[in-house]
Number of protein chains: 2
Amino acid sequence: MSSEVDDLTIDEHAGLSLRERKRLVAREALSAAALRLAMDKGLENVRVEDIAAEVGVSARTFNNYFSSKEEAICAITIRRNARIGDFLLKRPADEPIWTATINAVVEHYSDIGEPTREFVRRFRMLVSNEALRGEFLKAHGEVERRLAIAVAQRTGTDATSDLGPLLLAGAIASAIRVAMIHWLHHDLVKPMGECVRAALTELADGLPSLTARNQSSLEAKPVSDVHRNHDDEDE
Amino acid sequence: MSSEVDDLTIDEHAGLSLRERKRLVAREALSAAALRLAMDKGLENVRVEDIAAEVGVSARTFNNYFSSKEEAICAITIRRNARIGDFLLKRPADEPIWTATINAVVEHYSDIGEPTREFVRRFRMLVSNEALRGEFLKAHGEVERRLAIAVAQRTGTDATSDLGPLLLAGAIASAIRVAMIHWLHHDLVKPMGECVRAALTELADGLPSLTARNQSSLEAKPVSDVHRNHDDEDE
DNA sequence: TATAAGTTTGCGGACCACGCAAAGTTTTGG
DNA sequence: CCAAAACTTTGCGTGGTCCGCAAACTTATA
């Protein structure tokens with residue numbers, strides 16, 4: 001019916017066998033159908049069977065790809081955010097790691113653009129679902145894991161034995177999560193990208209808003225080069 | 001049979017009606033039974049019915065308290081970590097917020113002591129379960145939420161409208177999670193408390209291990225007063 | 001002590017995850 | 001081009017989960 005699925009899919013379909021391509025397409029179609037149906041009717045009113053039917057496969061097949069409808073929905077988040085690691089690896093080598101990571105995240109968010117109001121309205125409904133919030137956290141854990149690998153690669157450390165990459169990725173992922181929830185709850189006073197950027201720099205600077213009167217070693221001087229350092233934003 | 005359940009339960013049963021006390025006791029008994037059975041037989045070999053039977057209630061009653069066995073198990077983590085916020089509020093008022101928070105966490109972990117090897121062995125088995133890891137993340141989210149409230153209270157900010165408390169709580173909770181997983185995977189080379197402390201200070205100092213050659217504003221001077229600042233540890 | 005408020009439980013229904021084996025599709029290598 | 005190998009899809013069956021409902025029971029209120 002529609003091919004909106006691939007809007008953001010910068011050909012991942014290179015050098016894959018027919019089988020693998022079919023598999024990828026089916027997986028994405030199921031994810032997309034799950035999200036669409038859940039946004040329309042509310043997650044609790046969507047059965048696995050419905051999602052499968054929408055794509056034209058059996059319910060059993062759905063379960064060969066995902067082990068729950070929640071997982072199918074959150075797979076989209078994972079796919080989307082996987083790019084942050086790639087962006088990080090492409091940042092100039094002389095950027096400090098915090099700056100580079102933050103810029104990679106901001107780059108990613110300005111790249112995907114602002115969601116429509118309608119999308120946000122439905123999305124808000126969606127995340128009010130308990131089971132889904134849990135699965136979102138799981139998805140975010142996966143994003144974090146991948147980011148940690150990219151950080152390790154860039155810093156020449158090891159994502160399994162060193163704590164550094166995991167700590168940075170965890171802090172960043174957590175800040176993204178906080179920023180997005182905050183943004184969702186506070187009626188879009190400013191663009192999402194701004195919100196994420198603000199949260200990340202606040203964190204990188206050691207939470208100056210919390211260290212008002214007490215001196216803290218962390219407030220020394222802010223990571224100022226994060227702010228205006230790429231040009232694709234209006235004002 | 002045993003009353004190990006309340007080993008760490010510093011009387012939460014104050015000023016509660018009989019009904020409420022009964023409810024609490026039942027809840028904790030179910031949690032504890034769930035954890036014990038899962039550690040013994042493996043989570044997939046434990047049915048809700050088994051847990052209920054262990055406590056002497058119907059399976060239906062189990063579901064009045066928890067909506068899954070995973071949730072029952074993770075409720076213990078939530079209960080345990082809820083104390084971190086209390087510790088934070090009791091820290092001296094002149095400690096900077098990062099320091100105070102880290103000290104609160106370290107205090108908590110030195111307070112609960114090192115787990116036995118046997119416990120760790122079983123626990124490791126337990127977290128290899130996919131579904132349970134998801135629920136753990138959910139539980140950690142709850143812990144984070146509560147910590148954020150305590151941070152807001154201490155700093156005179158607002159946990160719903162300000163980002164600061166959420167960001168700090170998120171970063172700390174994430175570091176705790178990373179430290180624990182790392183510790184579980186690396187065969188207890190040092191005590192868990194040490195591991196958590198190390199991760200937190202590393203993070204608070206801006207990840208110096210990752211900013212080796214590039215200058216970063218965050219490496220200014222370390223938050224040194226975190227290290228040896230309470231006395232209940234050997235060595 | 002009567003009435004209200006809350007809890008436990010069996011029952012039943014909708015749904016879900018997954019093992020298995022039969023039928024279908026793609027790949028591989030003669 | 002064909003046949004065997006590798007993999008995917010599907011129906012079916014099983015064991016299990018979650019939850020609404022209403023009846024029995026327990027605790028609270030006045």
# chains A, B, ... in the order shown; residues from 1 in each chain; ligands from 1
>>> interface_residues(of="chain B", to="chain C", cutoff="8 Å", atoms="only C-alpha atoms (C1' of nucleotides)", output="VMD selection string")
chain B and resid 58 60 to 61
>>> write_last_selection(atoms="C-alpha atoms", output="PDB file, in the first residue's frame")
ATOM      1  CA  SER B  58      -4.111 -18.634  45.426  1.00  0.00           C
ATOM      2  CA  ARG B  60      -5.278 -15.280  41.613  1.00  0.00           C
ATOM      3  CA  THR B  61      -4.162 -13.467  44.729  1.00  0.00           C
TER       4      THR B  61
END
>>> residues_around(residues="A:Ala139", least_positions_apart="5", cutoff="12 Å", atoms="only C-alpha atoms (C1' of nucleotides)", output="list in words")
Glu70, Glu71, Ala72, Ile73, Cys74, Ala75, Ile76, Thr77, Ile78, Arg79, Arg80, Asn81, Ala82, Leu132, Arg133, Gly134, Glu144, Arg145, Arg146, Ala173 and Arg177 of chain A; Arg133, Gly134, Leu137 and Lys138 of chain B
>>> write_last_selection(atoms="N, CA and C atoms", output="PDB file, in the first residue's frame")
ATOM      1  N   GLU A  70       5.048  -5.319  21.898  1.00  0.00           N
ATOM      2  CA  GLU A  70       5.851  -4.219  22.436  1.00  0.00           C
ATOM      3  C   GLU A  70       7.230  -4.202  21.794  1.00  0.00           C
ATOM      4  N   GLU A  71       7.822  -5.367  21.693  1.00  0.00           N
ATOM      5  CA  GLU A  71       9.155  -5.450  21.108  1.00  0.00           C
ATOM      6  C   GLU A  71       9.138  -4.972  19.660  1.00  0.00           C
ATOM      7  N   ALA A  72       8.097  -5.337  18.939  1.00  0.00           N
ATOM      8  CA  ALA A  72       7.998  -4.915  17.538  1.00  0.00           C
ATOM      9  C   ALA A  72       7.987  -3.397  17.441  1.00  0.00           C
ATOM     10  N   ILE A  73       7.217  -2.760  18.313  1.00  0.00           N
ATOM     11  CA  ILE A  73       7.133  -1.305  18.281  1.00  0.00           C
ATOM     12  C   ILE A  73       8.466  -0.659  18.608  1.00  0.00           C
ATOM     13  N   CYS A  74       9.115  -1.168  19.643  1.00  0.00           N
ATOM     14  CA  CYS A  74      10.356  -0.542  20.096  1.00  0.00           C
ATOM     15  C   CYS A  74      11.529  -0.810  19.175  1.00  0.00           C
ATOM     16  N   ALA A  75      11.403  -1.812  18.318  1.00  0.00           N
ATOM     17  CA  ALA A  75      12.481  -2.092  17.376  1.00  0.00           C
ATOM     18  C   ALA A  75      12.764  -0.863  16.522  1.00  0.00           C
ATOM     19  N   ILE A  76      11.726  -0.071  16.280  1.00  0.00           N
ATOM     20  CA  ILE A  76      11.898   1.140  15.487  1.00  0.00           C
ATOM     21  C   ILE A  76      12.847   2.106  16.183  1.00  0.00           C
ATOM     22  N   THR A  77      12.630   2.305  17.457  1.00  0.00           N
ATOM     23  CA  THR A  77      13.511   3.172  18.242  1.00  0.00           C
ATOM     24  C   THR A  77      14.948   2.697  18.151  1.00  0.00           C
ATOM     25  N   ILE A  78      15.136   1.407  18.289  1.00  0.00           N
ATOM     26  CA  ILE A  78      16.495   0.873  18.244  1.00  0.00           C
ATOM     27  C   ILE A  78      17.139   1.180  16.898  1.00  0.00           C
ATOM     28  N   ARG A  79      16.420   0.871  15.830  1.00  0.00           N
ATOM     29  CA  ARG A  79      16.958   1.116  14.506  1.00  0.00           C
ATOM     30  C   ARG A  79      17.328   2.580  14.298  1.00  0.00           C
ATOM     31  N   ARG A  80      16.413   3.440  14.692  1.00  0.00           N
ATOM     32  CA  ARG A  80      16.644   4.861  14.501  1.00  0.00           C
ATOM     33  C   ARG A  80      17.902   5.335  15.215  1.00  0.00           C
ATOM     34  N   ASN A  81      17.993   4.965  16.472  1.00  0.00           N
ATOM     35  CA  ASN A  81      19.071   5.493  17.285  1.00  0.00           C
ATOM     36  C   ASN A  81      20.411   4.820  17.042  1.00  0.00           C
ATOM     37  N   ALA A  82      20.392   3.725  16.318  1.00  0.00           N
ATOM     38  CA  ALA A  82      21.650   3.049  16.036  1.00  0.00           C
ATOM     39  C   ALA A  82      22.603   3.981  15.295  1.00  0.00           C
ATOM     40  N   LEU A 132       4.495  -0.986  27.599  1.00  0.00           N
ATOM     41  CA  LEU A 132       5.315  -0.394  26.567  1.00  0.00           C
ATOM     42  C   LEU A 132       6.459   0.416  27.154  1.00  0.00           C
ATOM     43  N   ARG A 133       6.180   1.110  28.250  1.00  0.00           N
ATOM     44  CA  ARG A 133       7.258   1.868  28.874  1.00  0.00           C
ATOM     45  C   ARG A 133       8.396   0.945  29.266  1.00  0.00           C
ATOM     46  N   GLY A 134       8.059  -0.228  29.760  1.00  0.00           N
ATOM     47  CA  GLY A 134       9.089  -1.197  30.107  1.00  0.00           C
ATOM     48  C   GLY A 134       9.917  -1.584  28.904  1.00  0.00           C
ATOM     49  N   GLU A 144      22.025   2.168  24.191  1.00  0.00           N
ATOM     50  CA  GLU A 144      23.146   2.493  25.062  1.00  0.00           C
ATOM     51  C   GLU A 144      24.334   1.578  24.791  1.00  0.00           C
ATOM     52  N   ARG A 145      24.040   0.282  24.686  1.00  0.00           N
ATOM     53  CA  ARG A 145      25.091  -0.708  24.442  1.00  0.00           C
ATOM     54  C   ARG A 145      25.836  -0.392  23.155  1.00  0.00           C
ATOM     55  N   ARG A 146      25.076  -0.038  22.122  1.00  0.00           N
ATOM     56  CA  ARG A 146      25.720   0.248  20.839  1.00  0.00           C
ATOM     57  C   ARG A 146      26.523   1.530  20.884  1.00  0.00           C
ATOM     58  N   ALA A 173      22.602   8.358  27.247  1.00  0.00           N
ATOM     59  CA  ALA A 173      21.314   7.735  26.932  1.00  0.00           C
ATOM     60  C   ALA A 173      20.269   8.153  27.954  1.00  0.00           C
ATOM     61  N   ARG A 177      16.794  10.226  27.302  1.00  0.00           N
ATOM     62  CA  ARG A 177      15.509   9.724  27.778  1.00  0.00           C
ATOM     63  C   ARG A 177      14.787  10.799  28.605  1.00  0.00           C
TER      64      ARG A 177
ATOM     65  N   ARG B 133      15.793  -9.278  32.712  1.00  0.00           N
ATOM     66  CA  ARG B 133      16.628  -8.090  32.489  1.00  0.00           C
ATOM     67  C   ARG B 133      15.746  -6.904  32.139  1.00  0.00           C
ATOM     68  N   GLY B 134      14.731  -7.133  31.347  1.00  0.00           N
ATOM     69  CA  GLY B 134      13.812  -6.054  31.017  1.00  0.00           C
ATOM     70  C   GLY B 134      13.150  -5.494  32.257  1.00  0.00           C
ATOM     71  N   LEU B 137      15.377  -3.303  34.344  1.00  0.00           N
ATOM     72  CA  LEU B 137      15.493  -1.932  33.845  1.00  0.00           C
ATOM     73  C   LEU B 137      14.317  -1.103  34.326  1.00  0.00           C
ATOM     74  N   LYS B 138      13.145  -1.707  34.288  1.00  0.00           N
ATOM     75  CA  LYS B 138      11.950  -1.022  34.750  1.00  0.00           C
ATOM     76  C   LYS B 138      12.090  -0.652  36.231  1.00  0.00           C
TER      77      LYS B 138
END
>>> residues_around(residues="stretch 115-128 of chain B", least_positions_apart="5", cutoff="8 Å", atoms="only C-alpha atoms (C1' of nucleotides)", output="ChimeraX atom specification")
/B:38-40,42-43,133,184
>>> write_last_selection(atoms="C-alpha atoms", output="short mmCIF file (atom, residue, chain, number, x, y, z; two decimals), in the first residue's frame")
data_model
loop_
_atom_site.label_atom_id
_atom_site.label_comp_id
_atom_site.auth_asym_id
_atom_site.auth_seq_id
_atom_site.Cartn_x
_atom_site.Cartn_y
_atom_site.Cartn_z
CA ALA B 38 13.74 -18.48 40.69
CA MET B 39 17.26 -18.72 42.07
CA ASP B 40 16.80 -22.38 42.89
CA GLY B 42 15.57 -21.02 37.18
CA LEU B 43 12.89 -18.49 36.39
CA ARG B 133 16.63 -8.09 32.49
CA LEU B 184 28.89 -9.45 38.13
#
>>> interface_residues(of="chain D", to="chain A", cutoff="12 Å", atoms="only C-alpha atoms (C1' of nucleotides)", output="JSON list (two decimals) with C-alpha atoms (C1' of nucleotides), in the first residue's frame")
[["chain", "number", "residue", "atom", "x", "y", "z"],
["D", 6, "DA", "C1'", 19.39, -24.54, 3.91],
["D", 7, "DC", "C1'", 16.08, -21.71, 5.53],
["D", 8, "DT", "C1'", 11.18, -19.65, 6.15],
["D", 9, "DT", "C1'", 6.29, -19.86, 6.68],
["D", 10, "DT", "C1'", 2.39, -21.85, 8.54],
["D", 11, "DG", "C1'", -1.23, -24.61, 11.27],
["D", 12, "DC", "C1'", -1.89, -26.93, 15.26]]
>>> select_by_dssp(residues="stretch 72-171 of chain A", states="helix (DSSP H, G or I)", output="VMD selection string")
chain A and resid 72 to 81 83 to 90 97 to 112 117 to 127 130 to 155 164 to 171
>>> write_last_selection(atoms="C-alpha atoms", output="compact mmCIF listing (two decimals), in the first residue's frame")
# COMPACT_ATOMS: atom_id res chain seq x y z
CA ALA A 72 8.00 -4.92 17.54
CA ILE A 73 7.13 -1.31 18.28
CA CYS A 74 10.36 -0.54 20.10
CA ALA A 75 12.48 -2.09 17.38
CA ILE A 76 11.90 1.14 15.49
CA THR A 77 13.51 3.17 18.24
CA ILE A 78 16.50 0.87 18.24
CA ARG A 79 16.96 1.12 14.51
CA ARG A 80 16.64 4.86 14.50
CA ASN A 81 19.07 5.49 17.28
CA ARG A 83 22.85 5.86 13.80
CA ILE A 84 24.12 7.91 16.71
CA GLY A 85 27.17 5.68 16.95
CA ASP A 86 27.93 6.20 13.27
CA PHE A 87 27.67 9.94 13.67
CA LEU A 88 30.04 9.80 16.60
CA LEU A 89 32.68 7.96 14.61
CA LYS A 90 32.46 10.62 11.91
CA ILE A 97 34.76 12.84 23.70
CA TRP A 98 31.91 14.54 25.54
CA THR A 99 31.64 17.23 22.91
CA ALA A 100 31.84 14.76 20.08
CA THR A 101 29.20 12.52 21.59
CA ILE A 102 26.83 15.36 22.28
CA ASN A 103 27.30 16.71 18.79
CA ALA A 104 26.61 13.28 17.36
CA VAL A 105 23.35 13.08 19.26
CA VAL A 106 22.29 16.59 18.29
CA GLU A 107 23.20 15.87 14.70
CA HIS A 108 21.02 12.79 14.77
CA TYR A 109 18.04 14.63 16.17
CA SER A 110 18.26 17.58 13.83
CA ASP A 111 18.57 15.07 11.04
CA ILE A 112 15.32 13.28 11.74
CA ARG A 117 1.81 17.43 16.30
CA GLU A 118 -0.48 14.59 15.43
CA PHE A 119 2.35 12.12 15.77
CA VAL A 120 3.23 13.53 19.15
CA ARG A 121 -0.35 13.35 20.34
CA ARG A 122 -0.61 9.70 19.47
CA PHE A 123 2.83 8.92 20.73
CA ARG A 124 1.98 10.42 24.09
CA MET A 125 -1.06 8.16 24.30
CA LEU A 126 1.13 5.26 23.45
CA VAL A 127 3.73 5.74 26.14
CA GLU A 130 2.74 0.45 31.23
CA ALA A 131 4.01 -2.57 29.32
CA LEU A 132 5.32 -0.39 26.57
CA ARG A 133 7.26 1.87 28.87
CA GLY A 134 9.09 -1.20 30.11
CA GLU A 135 9.96 -2.28 26.62
CA PHE A 136 11.11 1.24 25.82
CA LEU A 137 13.61 1.04 28.61
CA LYS A 138 14.84 -2.24 27.20
CA ALA A 139 15.22 -0.66 23.77
CA HIS A 140 17.07 2.23 25.27
CA GLY A 141 19.41 -0.25 26.92
CA GLU A 142 20.24 -1.65 23.52
CA VAL A 143 20.88 1.83 22.13
CA GLU A 144 23.15 2.49 25.06
CA ARG A 145 25.09 -0.71 24.44
CA ARG A 146 25.72 0.25 20.84
CA LEU A 147 26.72 3.76 21.72
CA ALA A 148 29.19 2.39 24.24
CA ILE A 149 30.82 0.32 21.51
CA ALA A 150 31.23 3.39 19.31
CA VAL A 151 32.67 5.37 22.22
CA ALA A 152 35.14 2.60 22.95
CA GLN A 153 36.16 2.47 19.32
CA ARG A 154 36.75 6.20 19.21
CA THR A 155 38.68 6.42 22.43
CA GLY A 164 34.47 4.55 30.76
CA PRO A 165 32.55 3.91 27.54
CA LEU A 166 29.67 2.30 29.40
CA LEU A 167 29.47 5.17 31.85
CA LEU A 168 29.47 7.82 29.16
CA ALA A 169 26.95 5.97 27.01
CA GLY A 170 24.75 5.39 30.04
CA ALA A 171 24.81 9.02 31.08
>>> atom_distance(atom1="atom CA of B:Arg197", atom2="atom CA of B:Trp183")
11.7 Å
>>> residues_around(residues="A:His186", least_positions_apart="5", cutoff="12 Å", atoms="only C-alpha atoms (C1' of nucleotides)", output="MDAnalysis selection string")
(chainID A and resid 120 124 179:181 191:192 195) or (chainID B and resid 160:163)
